[in-house]
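Below: the structure, in structure tokens.
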Amino acid sequence: MTSMINKAQGLGLSLITKLAGSDVLDQLKLRKFVEKSLYQGSKAGFRALSQTQKAFKPKQISQQRLPQQQKNLFDLSLTEEQQMTSDAMSQFAQEVLLGLAHDADHAAEFPESLWQYIEDLGLNYYALPEALGGVAAEQNIVSNLLIAEKLAEGDFSLTAGLLSTFSVINAITRWGSTEVQSMYLPCFAEDSDITATFAIQEAIPAFNPYELKTKATLENDQFYIDGEKTLVILGDLADIFIVNADFNGKPDVFVVQCNESISIKNSPAMGLKATETATLRFNHTPALRLGAADFDYTAFLDLGNLMWCAMAVGTCEAVKAYCIKYANERTAFGEPISHRQSVAFMIADMAIEIDAMRMLILNAASLAESGKPFHREAYLAHLLCAEKSMKIGTDGVQILGGHGFTKEHPVERWYRDLRATAILQSGLHA
Amino acid sequence: MNLQNPKKFKMMIDQAHDVAINVLRPISRKYDKAEHAYPKELDMLASLIDGMNEGGEGINAGAAGAGKRGDTDNEGIRNGTNMSTALGIIEMCYGDTGLLLSMPRQGLGNSAIAAVANDEQLERFKGTWAAMAITEPGCGSDSAAIRTTATKDGDDYILNGEKIFVTSGERADSVVVWATLDRKAGRAAIKSFVVPKGTPGMKVERLEHKLGIKASDTAVINFTDCRVPAENLLGNAEVDVAKGFAGVMETFDNTRPLVAAMAIGCAKASLERIKEIFKDQLDANYSTPYLQASNLAAQIYHMEAEWEAARLLMLKATWMADNKKPNSKEASIAKAKAGRVGNEITLKCVELAASVGYNEDELLEKWARDSKILDIFEGTQQIQQLIIARRELGKSSSELK
């Protein structure tokens, strides 16, 4: 336990030190993005994945499951460790993500410099169990959501990209069979270059994650996946995909490696541009079934939805902070527009609903990590976050008026990104 | 991190729930009809509650429990009286909000006493049932504009003025009256005084006829040269301009979450009833994704999400109070959210049940009437928004008016 705290402290502190000696930061600010053709997205047809297939060397390990936490009193205070992690993530969001967000959105490209930071932040180690060299000694769903919230104060899309591999490790640690865990967890522990993501959404209006067009089949003890998935973040960069598919009439989840049976098409969306969203086609792609006997598809979805919800809260905090600054500086009729109730009350409502969303998310998360049923709470949290975060997104643009409609200000990007909260199912994992 | 009700309050919550079902609900419609009749059934209940409280952590069915200053030597996180009181109130208002407000010895005045009285006063006013008199004909939300005066005369203060909307103003043993020592000194000069019933010069003029919470009496009280002993001034008698309004406003940090709890309890009644009415059309396991849910189910899930949000925000504000964290903003957030959501939910439930909801055969229409006051008293929705906005924007009351 102590060693875990030490490790976590080490990670948090090393990050702060790194940021303080901000040589790298300066380089980042100067970094010029290569303009990507805006037309790339509309290129017709699928192509082969650019990522070359990695050779995964399985190492037999015993099945990992993180123990549940015990809870008693109603308590909203953060542990020392959670506070420190939150502070570090907040600082990183402000000093790194915020500065990269505009260009990454414009170029529709995940900034290369961020890959190094994923390692520096030690994100993967937060997810990996202690036995495999990580720091996770128990289920840390609240902590994981706090990480997502704090990072998303910097940028929604970049956070999604940053937390993609982290989420896959969480999902494999929580649900993976011995076979899946042996195949992938040791590799994640040893090779920080592995990128992983989820392929969950299908291009169906009012998509229902319980009714999947993508099919899994079992032939001679080998699973195969056939079908198409969309809104896959970092689709063209991933080595490993977590894919949901219908198996014998029921939704189930599988792990797939990048290989030639998968083709890809860029599919730019309203937002999430920095995650380079893509549509993937699986053509008889070999797969491993993710779960063991304790697999719970609904909980798998919920733990993903909660991540998007937490990110929505973080980004809404950014919207609010930006609007407060703007409303206090912008004058009309001889005084700051923040002196008008019609503007001020929008900001009051932002504060109310941000805290409301956060409470629902934390309630679900805290139940989840203590091993209690949490589907109702996650369902209600997702519903509330979908509505309120979009309201805050649209009010953010409204407060800035015409200026909010231009790319001079980040509120239009947050508006586009926040629309995703209602739409995405799974795609990340706490 | 844990947002579930602490186990140690479970028995108290269950008791309050039983009281709601077995004592309050059966007489709910009776006193909605018989406005101004004294709900005598409450006397026995109040004694029962007093007895339970003597024995430790019982139901604080009303406001008396809030603001109690707990043991400061206790290390670590506390789940104390602010929270348990709020949890009790939710259940009692699930029974009937008007009757909760009529509970003897549980008035908002008791909360003011608990929050600002000194030790001697706490002892002297123990067991009194105190109503709260703030609003005047010419001042509602703008409580700094109070016209009622308190003039020092020897060892007494002499009160003059008119107070309206005094909940339990006729039934309570005493009234906590807000009055100014010096109209020119503004907020800092506003003090609160405990005025026992029957004090010469204090007169209940009339009782209001209202939209809802009819079981609770709402009085107009006149003070004409009403003489009260100086030791009945709660808290500090000095006019401290620097500290300003803080003394009297502190009470709100404790009482606003409780009014939020009332709204949550009232809405809980509607929400539970509407789910019962439509049980065959709802998926009890929440296994239908939102986009696939029927319009009816989606509206109910939506209300439930809002209700949970209000409930958790309210618990947060009480948790902060119990742990001595400054909670003015959070108390206003809780009150704003619960007030608006409670009203929306109770009205929506009438709409969904249609004629069944609108008829007096059901209590849905009553709850929809009762809930409205909870978004008004103890600071309207708009006052809470102002407080929150000023905090967020860093604005004074003269800038953001």
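All residue names refer to the structure tokens as shown: chains lettered A, B, ... in order, residues numbered from 1 in each chain, ligands numbered from 1 in order.
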
| query | Excluding same-chain residues fewer than 4 positions from Asn222 of chain B, what lies within 9 Å of it counting only C-alpha atoms, as a list of chain:residue names? | reply |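 After dropping sequence-adjacent residues, the list is B:Asn160, B:Gly161, B:Glu162, B:Lys163, B:Ile164, B:Gly201, B:Met202, B:Lys203, B:Val204, B:Glu205.
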
| task | Enumerate as a ChimeraX atom specification the residues belonging to chain B that approach chain A to within 9 Å, with only C-alpha atoms taken into account. | result | /B:1-8,77-79,285-292,301-302,304-306,308-310,312-313,315-316,319-320,330,333-334,336-337,382,384-393,395,399-401

| task | Compare B:Leu87, B:Val116, B:Ile274, B:Ile376 by their minimum atom-to-atom distance to Ala354 of chain B, counting only C-alpha atoms, and give me the closest one. | result | B:Ile274

| field | Which of segment 117-295 of chain B DSSP labels alpha helix (DSSP H), written as JSON, numbers by chain | value | {"B": [119, 120, 121, 122, 123, 124, 246, 247, 248, 249, 250, 251, 252, 253, 254, 255, 256, 257, 258, 259, 260, 261, 262, 263, 264, 265, 266, 267, 268, 269, 270, 271, 272, 273, 274, 275, 276, 277, 295]}

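Once Pro129 of chain A and its same-chain neighbours fewer than 5 positions away are set aside, A:Gln64, A:Arg65, A:Leu66, A:Asn124, A:Gly134, A:Val135, A:Ala136, A:Ala137, A:Glu138, A:Gln139, A:Ile169, A:Asn170, A:Thr173, A:Arg174, A:Leu185, A:Ala189 remain within 10 Å of it when counting only C-alpha atoms.
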
| query | When distances are computed from only C-alpha atoms, which of A:Leu145, A:Val397, A:Val411, A:Ile242 shows the smallest separation from Ala101 of chain A? | reply |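 Distance minimum relative to Ala101 of chain A lands on A:Val411.
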
| message | as a ChimeraX atom specification, please: every residue in segment 152-245 of chain B that a backbone DSSP assignment puts in strand (DSSP E or B). | response | /B:152-153,156-167,174-180,190-196,202-207,218-229,233

| query | So how far away is atom CA of Lys215 of chain A from atom CA of His284 of chain A, in Å? | reply |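 Those two atoms sit 9.5 Å apart.
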
| task | Find the distance between atom CA of Asp173 of chain B and atom CA of Leu233 of chain B and write it in Å to one decimal. | result | 16.5 Å

| query | So how far away is atom CA of Ala86 of chain B from atom CA of Met132 of chain B, in Å? | reply |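 Separation of atom CA of Met132 of chain B and atom CA of Ala86 of chain B: 18.7 Å.
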
| Residue contacts of Ala278 of chain A (7 Å, only C-alpha atoms) excluding same-chain residues fewer than 3 positions away, as an MDAnalysis selection string | chainID A and resid 230:233 235 264:267

| request: Determine, counting only C-alpha atoms, which protein, DNA and RNA residues have an atom within 10 Å of an atom of Ala237 of chain B; residues of the same chain fewer than 6 positions away are not included. Present the result as an MDAnalysis selection string. | output: chainID B and resid 181 189:192 230:231

| message | Using only C-alpha atoms, which protein or nucleic acid residues come within 9 Å of segment 101-112 of chain B? Drop anything in the same chain fewer than 4 positions from it, and give the result as a ChimeraX atom specification. | response | /B:38-39,42-43,45-47,50,60-68,93,96-97,116-117,125,127-133,167-168,171-177,192,194,213,215-217,234,248,250-252,254-255

| said: When you look at Leu428 of chain A with a cut-off of 9 Å (counting only C-alpha atoms), what residues show up, excluding the ones that are within fewer than 4 positions of it in the same chain? I need them as a list in words. | reply: Ala160, Leu163, Ser164, Thr165, Phe166, Ser167, Val168, Ala171, Thr197, Phe198, Leu301, Leu303, Gly304, Asn305, Leu306, Met307 and Trp308 of chain A
